[in-house]
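Dropping entry.cif in here (mmCIF, C-alpha atoms and all ligand atoms):
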data_work
loop_
_atom_site.label_atom_id
_atom_site.label_comp_id
_atom_site.auth_asym_id
_atom_site.auth_seq_id
_atom_site.Cartn_x
_atom_site.Cartn_y
_atom_site.Cartn_z
CA MET C 1 106.90 107.90 107.58
CA ALA C 2 107.22 108.19 111.38
CA ALA C 3 104.75 111.11 111.41
CA ARG C 4 102.30 109.19 109.22
CA THR C 5 102.58 106.17 111.50
CA ARG C 6 101.91 108.31 114.59
CA ALA C 7 98.91 109.94 112.88
CA LEU C 8 97.53 106.53 111.95
CA GLU C 9 98.02 105.24 115.49
CA THR C 10 96.25 108.32 116.92
CA ILE C 11 93.23 107.72 114.67
CA LEU C 12 93.07 103.99 115.46
CA VAL C 13 93.34 104.61 119.20
CA GLY C 14 90.77 107.43 119.01
CA LYS C 15 88.28 105.14 117.27
CA GLY C 16 88.92 102.45 119.88
CA LEU C 17 90.27 100.00 117.31
CA VAL C 18 93.70 99.67 118.89
CA ASP C 19 94.61 99.37 122.55
CA PRO C 20 97.77 101.42 123.18
CA ALA C 21 98.79 99.07 126.00
CA ALA C 22 98.67 96.13 123.58
CA VAL C 23 100.84 98.01 121.07
CA ASP C 24 103.33 98.84 123.82
CA ALA C 25 103.42 95.22 124.96
CA LEU C 26 104.11 94.01 121.41
CA ILE C 27 106.90 96.51 120.86
CA GLU C 28 108.41 95.77 124.27
CA THR C 29 108.35 92.04 123.51
CA TYR C 30 110.20 92.35 120.22
CA GLU C 31 112.61 95.01 121.47
CA THR C 32 113.70 93.27 124.66
CA ARG C 33 112.56 89.66 124.90
CA VAL C 34 112.73 88.35 121.34
CA GLY C 35 115.92 88.97 119.45
CA PRO C 36 118.88 87.44 117.66
CA ARG C 37 119.85 85.45 120.79
CA ASN C 38 116.97 83.12 119.88
CA GLY C 39 118.42 82.46 116.44
CA ALA C 40 121.90 82.08 117.89
CA ARG C 41 120.63 79.28 120.08
CA VAL C 42 119.13 77.54 117.04
CA VAL C 43 122.44 77.82 115.18
CA ALA C 44 124.52 76.59 118.14
CA LYS C 45 122.25 73.59 118.58
CA ALA C 46 122.55 72.80 114.87
CA TRP C 47 126.35 72.92 115.18
CA MET C 48 126.30 70.61 118.23
CA ASP C 49 123.61 68.16 117.29
CA PRO C 50 123.53 66.55 113.82
CA SER C 51 120.01 65.20 114.30
CA PHE C 52 118.71 68.69 115.13
CA ALA C 53 120.53 70.03 112.04
CA GLN C 54 118.81 67.36 109.96
CA TRP C 55 115.45 68.32 111.44
CA LEU C 56 116.17 71.97 110.60
CA ARG C 57 116.87 71.00 106.99
CA SER C 58 113.68 69.01 106.63
CA ASP C 59 111.25 71.07 108.75
CA ALA C 60 112.75 74.26 110.12
CA THR C 61 109.40 75.54 111.39
CA ALA C 62 108.94 72.54 113.70
CA ALA C 63 112.60 72.30 114.74
CA ILE C 64 112.68 75.99 115.70
CA ALA C 65 109.31 75.78 117.44
CA SER C 66 110.67 72.89 119.55
CA LEU C 67 112.94 75.47 121.23
CA GLY C 68 109.94 77.67 121.95
CA TYR C 69 110.44 80.15 119.13
CA SER C 70 107.30 80.52 117.08
CA GLY C 71 104.52 82.94 116.39
CA ARG C 72 104.30 86.23 114.59
CA GLN C 73 106.45 86.61 111.48
CA GLY C 74 107.97 83.19 112.04
CA GLU C 75 105.11 80.91 111.12
CA HIS C 76 106.88 79.29 108.16
CA MET C 77 110.63 79.04 108.38
CA ARG C 78 113.33 77.58 106.20
CA ALA C 79 116.94 77.11 107.31
CA LEU C 80 119.67 77.82 104.76
CA PHE C 81 122.96 76.08 105.48
CA ASN C 82 126.16 77.77 104.39
CA GLY C 83 128.85 75.34 103.34
CA ASP C 84 132.08 75.09 101.44
CA GLY C 85 131.31 76.67 98.09
CA VAL C 86 127.90 78.11 98.95
CA HIS C 87 126.87 81.23 100.86
CA ASN C 88 123.27 82.25 101.49
CA LEU C 89 121.98 85.82 101.66
CA VAL C 90 118.48 86.84 102.74
CA VAL C 91 116.54 89.87 101.55
CA CYS C 92 112.95 90.98 101.15
CA THR C 93 112.76 92.78 97.83
CA LEU C 94 109.12 93.76 98.27
CA CYS C 95 109.14 95.17 101.81
CA SER C 96 110.85 93.98 104.97
CA CYS C 97 109.72 90.42 105.72
CA TYR C 98 112.04 89.07 108.40
CA PRO C 99 111.99 86.12 110.84
CA TRP C 100 110.98 88.03 113.98
CA SER C 101 110.68 84.91 116.16
CA VAL C 102 114.39 84.12 115.83
CA LEU C 103 115.99 87.49 114.99
CA GLY C 104 113.70 90.09 116.57
CA LEU C 105 113.04 93.30 114.64
CA PRO C 106 114.90 93.93 111.36
CA PRO C 107 117.81 96.36 111.22
CA VAL C 108 117.23 99.65 109.39
CA TRP C 109 119.47 98.70 106.47
CA TYR C 110 117.46 95.53 105.85
CA LYS C 111 114.41 97.70 105.14
CA SER C 112 116.27 100.20 102.96
CA PRO C 113 115.52 100.27 99.21
CA PRO C 114 119.24 100.12 98.22
CA TYR C 115 119.81 96.88 100.14
CA ARG C 116 116.59 95.36 98.84
CA SER C 117 117.46 96.00 95.20
CA ARG C 118 121.23 95.63 95.22
CA ALA C 119 121.30 92.39 97.21
CA VAL C 120 119.67 90.78 94.19
CA ILE C 121 121.47 92.64 91.41
CA ASP C 122 124.99 92.51 92.81
CA PRO C 123 125.14 90.38 95.96
CA ARG C 124 128.91 89.96 95.89
CA ARG C 125 129.50 93.69 96.01
CA VAL C 126 126.88 94.18 98.75
CA LEU C 127 128.52 91.44 100.81
CA GLY C 128 131.90 93.09 100.31
CA GLU C 129 130.48 96.31 101.77
CA PHE C 130 129.51 94.31 104.86
CA GLY C 131 133.05 92.96 105.05
CA VAL C 132 132.06 89.54 103.78
CA VAL C 133 134.60 88.67 101.12
CA LEU C 134 134.08 85.25 99.60
CA PRO C 135 136.29 83.19 97.30
CA ALA C 136 135.41 83.77 93.63
CA GLU C 137 134.31 80.15 93.29
CA THR C 138 131.82 80.41 96.18
CA ARG C 139 128.28 80.48 94.86
CA ILE C 140 126.04 83.13 96.43
CA GLU C 141 122.39 82.19 96.75
CA VAL C 142 119.98 85.06 97.38
CA TRP C 143 116.64 84.26 99.02
CA ASP C 144 113.69 86.62 98.75
CA SER C 145 111.52 86.49 101.87
CA THR C 146 107.77 86.71 101.69
CA ALA C 147 104.91 87.02 104.12
CA GLU C 148 104.55 83.23 103.85
CA LEU C 149 108.18 82.11 104.16
CA ARG C 150 111.07 83.48 106.23
CA TYR C 151 114.68 82.34 106.17
CA LEU C 152 117.37 81.75 108.78
CA VAL C 153 120.95 81.33 107.58
CA ILE C 154 122.95 78.69 109.44
CA PRO C 155 126.53 79.92 109.11
CA GLN C 156 129.49 77.57 109.15
CA ARG C 157 130.87 76.70 112.56
CA PRO C 158 134.08 78.64 113.23
CA PRO C 159 137.26 76.58 113.38
CA ASN C 160 138.82 75.41 116.67
CA THR C 161 135.54 75.38 118.56
CA ASP C 162 135.24 71.64 119.21
CA ASP C 163 135.57 72.07 122.97
CA LEU C 164 132.93 74.83 123.34
CA ASP C 165 129.50 74.11 124.76
CA GLU C 166 126.23 75.26 123.24
CA GLU C 167 126.11 78.52 125.19
CA GLN C 168 129.68 79.42 124.28
CA LEU C 169 128.96 78.61 120.63
CA ALA C 170 125.80 80.73 120.66
CA ALA C 171 127.88 83.71 121.84
CA LEU C 172 129.83 83.52 118.57
CA VAL C 173 126.70 83.77 116.40
CA THR C 174 125.94 87.32 115.25
CA ARG C 175 122.65 88.61 113.92
CA ASP C 176 124.22 89.43 110.56
CA SER C 177 125.65 85.92 110.21
CA MET C 178 122.07 84.64 110.31
CA ILE C 179 121.01 87.05 107.53
CA GLY C 180 124.08 86.23 105.48
CA THR C 181 125.70 89.67 105.71
CA GLY C 182 128.29 88.56 108.25
CA PHE C 183 130.33 85.70 109.63
CA PRO C 184 130.21 84.31 113.15
CA ARG C 185 132.85 85.67 115.51
CA ALA C 186 136.09 83.77 115.96
CA ARG C 187 136.44 82.28 119.42
CA PRO C 188 137.86 84.80 121.90
CO CO P 201 108.45 91.71 102.86
#

Before we go any further, please render this structure as C-alpha cells.
Ligand SMILES: [Co+2]
Amino acid sequence: MAARTRALETILVGKGLVDPAAVDALIETYETRVGPRNGARVVAKAWMDPSFAQWLRSDATAAIASLGYSGRQGEHMRALFNGDGVHNLVVCTLCSCYPWSVLGLPPVWYKSPPYRSRAVIDPRRVLGEFGVVLPAETRIEVWDSTAELRYLVIPQRPPNTDDLDEEQLAALVTRDSMIGTGFPRARP
C-alpha cells in the first residue's frame, strides 16, 4: 500500500496535479499541530461547563468549532456521552473515517480490518483487549463513522477531580478515551 501510494503521488506530482509542498504542509499540520490535545480540551470544557456540555449534545459541530477546531474530516460532528450504564465505542467499518479536527490522524489499529469488523461483532471482547472491562450491565453502543458524520466520545470525568482546572483535566484525557477504547487517566 505504501509503495502504491508513493507511485500515485509521483504520477500526480509529475502531471502537475499535486503540489508536493502542499502535501507536506497538510501532513505536517495533522502530525504536529492538530491532534488529540484538541479533543482533550473539548472534553475538559464539557466536564467543567454544563452549558458547553449541553451545546455539545445538541450541536457538537458548532460547539467544537467555537474552540477553533473545524475543517477537514471534522465538518459534521456528534458527541457521545458515556454515563453510568452506557459506554460508547467508535469505529469505521467501511474504511477509516475519523474526526481529524479533534483527534488528529487515526492510529494504525483503527484502520485495521480486524478492529473494524470485530468492534461491531463483539465489542465487549475488543474492549477487554484494550483493557476496558465494563460491568456486565453496562450497555455498549457502537457507532459507525461515515464521511458525513464523525464521533467524539466524552468519557466520564474521573473521580476526585473537583479541584482541578480545565488544563489539568485535559491532561487526564487520552486519545483512546475519546474513541471509546480507553478510560481517562486517574489524577496523578
Ligand atoms: Co470511513

- If we count all atoms listed in the file, what is near Ile140 of chain C at a cut-off of 7 Å, once residues fewer than 6 positions away on the same chain are taken out, given as a ChimeraX atom specification? /C:86-88

**Report entry** Cut-off 10 Å, all atoms listed in the file, neighbours of ligand CO 201 (chain P) as a PyMOL selection string
**Finding:** chain C and resi 91-98+111+116+144-150

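Reported to one decimal place, the separation of atom CA of Pro184 of chain C from atom CA of Val132 of chain C is 10.9 Å.
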
Pick out the residues sitting within 8 Å of Leu80 of chain C, and hand them over as a VMD selection string; count all atoms listed in the file, and ignore anything fewer than 4 positions along from it in its own chain.
chain C and resid 57 88 151 to 154

Counting all atoms listed in the file, which residues of segment 13-55 of chain C fall within 9 Å of segment 157-167 of chain C, and what is the closest atom pair for each with its distance in Å at one decimal, ordered by chain and rising number, as JSON lines?
{"residue": "C:Arg41", "atom": "CA", "partner": "C:Glu167", "partner_atom": "CA", "distance": 7.5}
{"residue": "C:Val43", "atom": "CA", "partner": "C:Arg157", "partner_atom": "CA", "distance": 8.9}
{"residue": "C:Ala44", "atom": "CA", "partner": "C:Glu166", "partner_atom": "CA", "distance": 5.5}
{"residue": "C:Lys45", "atom": "CA", "partner": "C:Glu166", "partner_atom": "CA", "distance": 6.4}
{"residue": "C:Trp47", "atom": "CA", "partner": "C:Arg157", "partner_atom": "CA", "distance": 6.4}
{"residue": "C:Met48", "atom": "CA", "partner": "C:Glu166", "partner_atom": "CA", "distance": 6.8}

Please write the residues from the selection above to a file, keeping C-alpha atoms, as a JSON list (two decimals), in the coordinates of the input.
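again-v5.json, written as the output of this step:
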[["chain", "number", "residue", "atom", "x", "y", "z"],
["C", 41, "ARG", "CA", 120.63, 79.28, 120.08],
["C", 43, "VAL", "CA", 122.44, 77.82, 115.18],
["C", 44, "ALA", "CA", 124.52, 76.59, 118.14],
["C", 45, "LYS", "CA", 122.25, 73.59, 118.58],
["C", 47, "TRP", "CA", 126.35, 72.92, 115.18],
["C", 48, "MET", "CA", 126.30, 70.61, 118.23]]

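Near segment 172-183 of chain C, within a cut-off of 7 Å and counting all atoms listed in the file, sit the residues C:Pro36, C:Ala40, C:Asn88, C:Leu89, C:Val90, C:Leu103, C:Leu127, C:Phe130, C:Val132, C:Leu152, C:Val153, C:Ile154, C:Pro155, C:Leu169, C:Ala170, C:Arg185, C:Ala186, C:Arg187, with same-chain residues fewer than 2 positions away left out.
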
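Separating atom CA of Gly85 of chain C from atom CA of Asp122 of chain C is a distance of 17.9 Å.
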
Q | Shell around segment 24-31 of chain C at 12 Å using all atoms listed in the file, local window under 6 positions removed, as a PyMOL selection string | A | chain C and resi 9+18+37-38+71-73+99-107

Just the selected residues (C-alpha atoms), exported as a short mmCIF file (atom, residue, chain, number, x, y, z; two decimals), in the frame of the given file, please.
data_model
loop_
_atom_site.label_atom_id
_atom_site.label_comp_id
_atom_site.auth_asym_id
_atom_site.auth_seq_id
_atom_site.Cartn_x
_atom_site.Cartn_y
_atom_site.Cartn_z
CA GLU C 9 98.02 105.24 115.49
CA VAL C 18 93.70 99.67 118.89
CA ARG C 37 119.85 85.45 120.79
CA ASN C 38 116.97 83.12 119.88
CA GLY C 71 104.52 82.94 116.39
CA ARG C 72 104.30 86.23 114.59
CA GLN C 73 106.45 86.61 111.48
CA PRO C 99 111.99 86.12 110.84
CA TRP C 100 110.98 88.03 113.98
CA SER C 101 110.68 84.91 116.16
CA VAL C 102 114.39 84.12 115.83
CA LEU C 103 115.99 87.49 114.99
CA GLY C 104 113.70 90.09 116.57
CA LEU C 105 113.04 93.30 114.64
CA PRO C 106 114.90 93.93 111.36
CA PRO C 107 117.81 96.36 111.22
#

Students should find that atom CA of Trp109 of chain C and atom CA of Ala53 of chain C are spaced 29.2 Å

Missing atoms in segment 144-155 of chain C need filling: write out all heavy atoms for it as a PDB file, in the frame of the given file.
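Result file follows (result.pdb):
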ATOM      1  N   ASP C 144     114.631  85.516  98.601  1.00  0.00           N
ATOM      2  CA  ASP C 144     113.690  86.620  98.750  1.00  0.00           C
ATOM      3  C   ASP C 144     112.563  86.211  99.699  1.00  0.00           C
ATOM      4  O   ASP C 144     111.749  85.348  99.364  1.00  0.00           O
ATOM      5  CB  ASP C 144     113.139  86.991  97.361  1.00  0.00           C
ATOM      6  CG  ASP C 144     112.442  88.340  97.364  1.00  0.00           C
ATOM      7  OD1 ASP C 144     112.353  88.969  98.434  1.00  0.00           O
ATOM      8  OD2 ASP C 144     111.997  88.759  96.278  1.00  0.00           O
ATOM      9  N   SER C 145     112.539  86.825 100.864  1.00  0.00           N
ATOM     10  CA  SER C 145     111.520  86.490 101.870  1.00  0.00           C
ATOM     11  C   SER C 145     110.144  86.955 101.430  1.00  0.00           C
ATOM     12  O   SER C 145     110.020  87.913 100.671  1.00  0.00           O
ATOM     13  CB  SER C 145     111.855  87.193 103.194  1.00  0.00           C
ATOM     14  OG  SER C 145     113.187  86.987 103.554  1.00  0.00           O
ATOM     15  N   THR C 146     109.145  86.294 101.956  1.00  0.00           N
ATOM     16  CA  THR C 146     107.770  86.710 101.690  1.00  0.00           C
ATOM     17  C   THR C 146     106.993  86.659 102.998  1.00  0.00           C
ATOM     18  O   THR C 146     107.503  86.211 104.015  1.00  0.00           O
ATOM     19  CB  THR C 146     107.059  85.769 100.695  1.00  0.00           C
ATOM     20  OG1 THR C 146     106.886  84.501 101.348  1.00  0.00           O
ATOM     21  CG2 THR C 146     107.856  85.606  99.429  1.00  0.00           C
ATOM     22  N   ALA C 147     105.751  87.094 102.935  1.00  0.00           N
ATOM     23  CA  ALA C 147     104.910  87.020 104.120  1.00  0.00           C
ATOM     24  C   ALA C 147     104.685  85.561 104.516  1.00  0.00           C
ATOM     25  O   ALA C 147     104.413  85.263 105.671  1.00  0.00           O
ATOM     26  CB  ALA C 147     103.568  87.705 103.848  1.00  0.00           C
ATOM     27  N   GLU C 148     104.823  84.645 103.564  1.00  0.00           N
ATOM     28  CA  GLU C 148     104.550  83.230 103.850  1.00  0.00           C
ATOM     29  C   GLU C 148     105.777  82.467 104.319  1.00  0.00           C
ATOM     30  O   GLU C 148     105.667  81.446 104.978  1.00  0.00           O
ATOM     31  CB  GLU C 148     103.978  82.523 102.616  1.00  0.00           C
ATOM     32  CG  GLU C 148     102.527  82.802 102.338  1.00  0.00           C
ATOM     33  CD  GLU C 148     102.321  84.164 101.695  1.00  0.00           C
ATOM     34  OE1 GLU C 148     103.147  84.530 100.845  1.00  0.00           O
ATOM     35  OE2 GLU C 148     101.372  84.874 102.066  1.00  0.00           O
ATOM     36  N   LEU C 149     106.970  82.908 103.913  1.00  0.00           N
ATOM     37  CA  LEU C 149     108.180  82.110 104.160  1.00  0.00           C
ATOM     38  C   LEU C 149     109.337  83.009 104.551  1.00  0.00           C
ATOM     39  O   LEU C 149     109.671  83.945 103.822  1.00  0.00           O
ATOM     40  CB  LEU C 149     108.508  81.310 102.897  1.00  0.00           C
ATOM     41  CG  LEU C 149     109.622  80.283 102.983  1.00  0.00           C
ATOM     42  CD1 LEU C 149     109.345  79.242 104.056  1.00  0.00           C
ATOM     43  CD2 LEU C 149     109.802  79.602 101.624  1.00  0.00           C
ATOM     44  N   ARG C 150     109.924  82.709 105.733  1.00  0.00           N
ATOM     45  CA  ARG C 150     111.070  83.480 106.230  1.00  0.00           C
ATOM     46  C   ARG C 150     112.270  82.547 106.325  1.00  0.00           C
ATOM     47  O   ARG C 150     112.115  81.345 106.526  1.00  0.00           O
ATOM     48  CB  ARG C 150     110.783  84.053 107.629  1.00  0.00           C
ATOM     49  CG  ARG C 150     109.408  84.693 107.778  1.00  0.00           C
ATOM     50  CD  ARG C 150     109.278  85.924 106.915  1.00  0.00           C
ATOM     51  NE  ARG C 150     107.886  86.333 106.811  1.00  0.00           N
ATOM     52  CZ  ARG C 150     107.339  87.321 107.514  1.00  0.00           C
ATOM     53  NH1 ARG C 150     108.069  87.999 108.357  1.00  0.00           N
ATOM     54  NH2 ARG C 150     106.073  87.621 107.360  1.00  0.00           N
ATOM     55  N   TYR C 151     113.464  83.146 106.225  1.00  0.00           N
ATOM     56  CA  TYR C 151     114.680  82.340 106.170  1.00  0.00           C
ATOM     57  C   TYR C 151     115.609  82.643 107.339  1.00  0.00           C
ATOM     58  O   TYR C 151     115.721  83.785 107.785  1.00  0.00           O
ATOM     59  CB  TYR C 151     115.427  82.615 104.868  1.00  0.00           C
ATOM     60  CG  TYR C 151     114.618  82.293 103.636  1.00  0.00           C
ATOM     61  CD1 TYR C 151     113.960  83.305 102.941  1.00  0.00           C
ATOM     62  CD2 TYR C 151     114.496  80.983 103.185  1.00  0.00           C
ATOM     63  CE1 TYR C 151     113.210  83.017 101.813  1.00  0.00           C
ATOM     64  CE2 TYR C 151     113.748  80.688 102.062  1.00  0.00           C
ATOM     65  CZ  TYR C 151     113.107  81.709 101.372  1.00  0.00           C
ATOM     66  OH  TYR C 151     112.355  81.417 100.258  1.00  0.00           O
ATOM     67  N   LEU C 152     116.313  81.600 107.775  1.00  0.00           N
ATOM     68  CA  LEU C 152     117.370  81.750 108.780  1.00  0.00           C
ATOM     69  C   LEU C 152     118.628  81.096 108.205  1.00  0.00           C
ATOM     70  O   LEU C 152     118.614  79.903 107.868  1.00  0.00           O
ATOM     71  CB  LEU C 152     116.975  81.039 110.078  1.00  0.00           C
ATOM     72  CG  LEU C 152     118.008  81.127 111.205  1.00  0.00           C
ATOM     73  CD1 LEU C 152     118.105  82.553 111.764  1.00  0.00           C
ATOM     74  CD2 LEU C 152     117.675  80.138 112.330  1.00  0.00           C
ATOM     75  N   VAL C 153     119.687  81.885 108.062  1.00  0.00           N
ATOM     76  CA  VAL C 153     120.950  81.330 107.580  1.00  0.00           C
ATOM     77  C   VAL C 153     121.662  80.624 108.729  1.00  0.00           C
ATOM     78  O   VAL C 153     121.756  81.160 109.840  1.00  0.00           O
ATOM     79  CB  VAL C 153     121.861  82.440 106.996  1.00  0.00           C
ATOM     80  CG1 VAL C 153     123.235  81.878 106.635  1.00  0.00           C
ATOM     81  CG2 VAL C 153     121.204  83.088 105.776  1.00  0.00           C
ATOM     82  N   ILE C 154     122.126  79.413 108.475  1.00  0.00           N
ATOM     83  CA  ILE C 154     122.950  78.690 109.440  1.00  0.00           C
ATOM     84  C   ILE C 154     124.399  78.811 108.957  1.00  0.00           C
ATOM     85  O   ILE C 154     124.806  78.136 108.002  1.00  0.00           O
ATOM     86  CB  ILE C 154     122.562  77.187 109.519  1.00  0.00           C
ATOM     87  CG1 ILE C 154     121.043  77.014 109.706  1.00  0.00           C
ATOM     88  CG2 ILE C 154     123.349  76.507 110.643  1.00  0.00           C
ATOM     89  CD1 ILE C 154     120.495  77.593 110.991  1.00  0.00           C
ATOM     90  N   PRO C 155     125.161  79.722 109.575  1.00  0.00           N
ATOM     91  CA  PRO C 155     126.530  79.920 109.110  1.00  0.00           C
ATOM     92  C   PRO C 155     127.402  78.712 109.439  1.00  0.00           C
ATOM     93  O   PRO C 155     126.998  77.846 110.226  1.00  0.00           O
ATOM     94  CB  PRO C 155     126.994  81.160 109.891  1.00  0.00           C
ATOM     95  CG  PRO C 155     126.115  81.222 111.092  1.00  0.00           C
ATOM     96  CD  PRO C 155     124.811  80.571 110.722  1.00  0.00           C
TER      97      PRO C 155
END
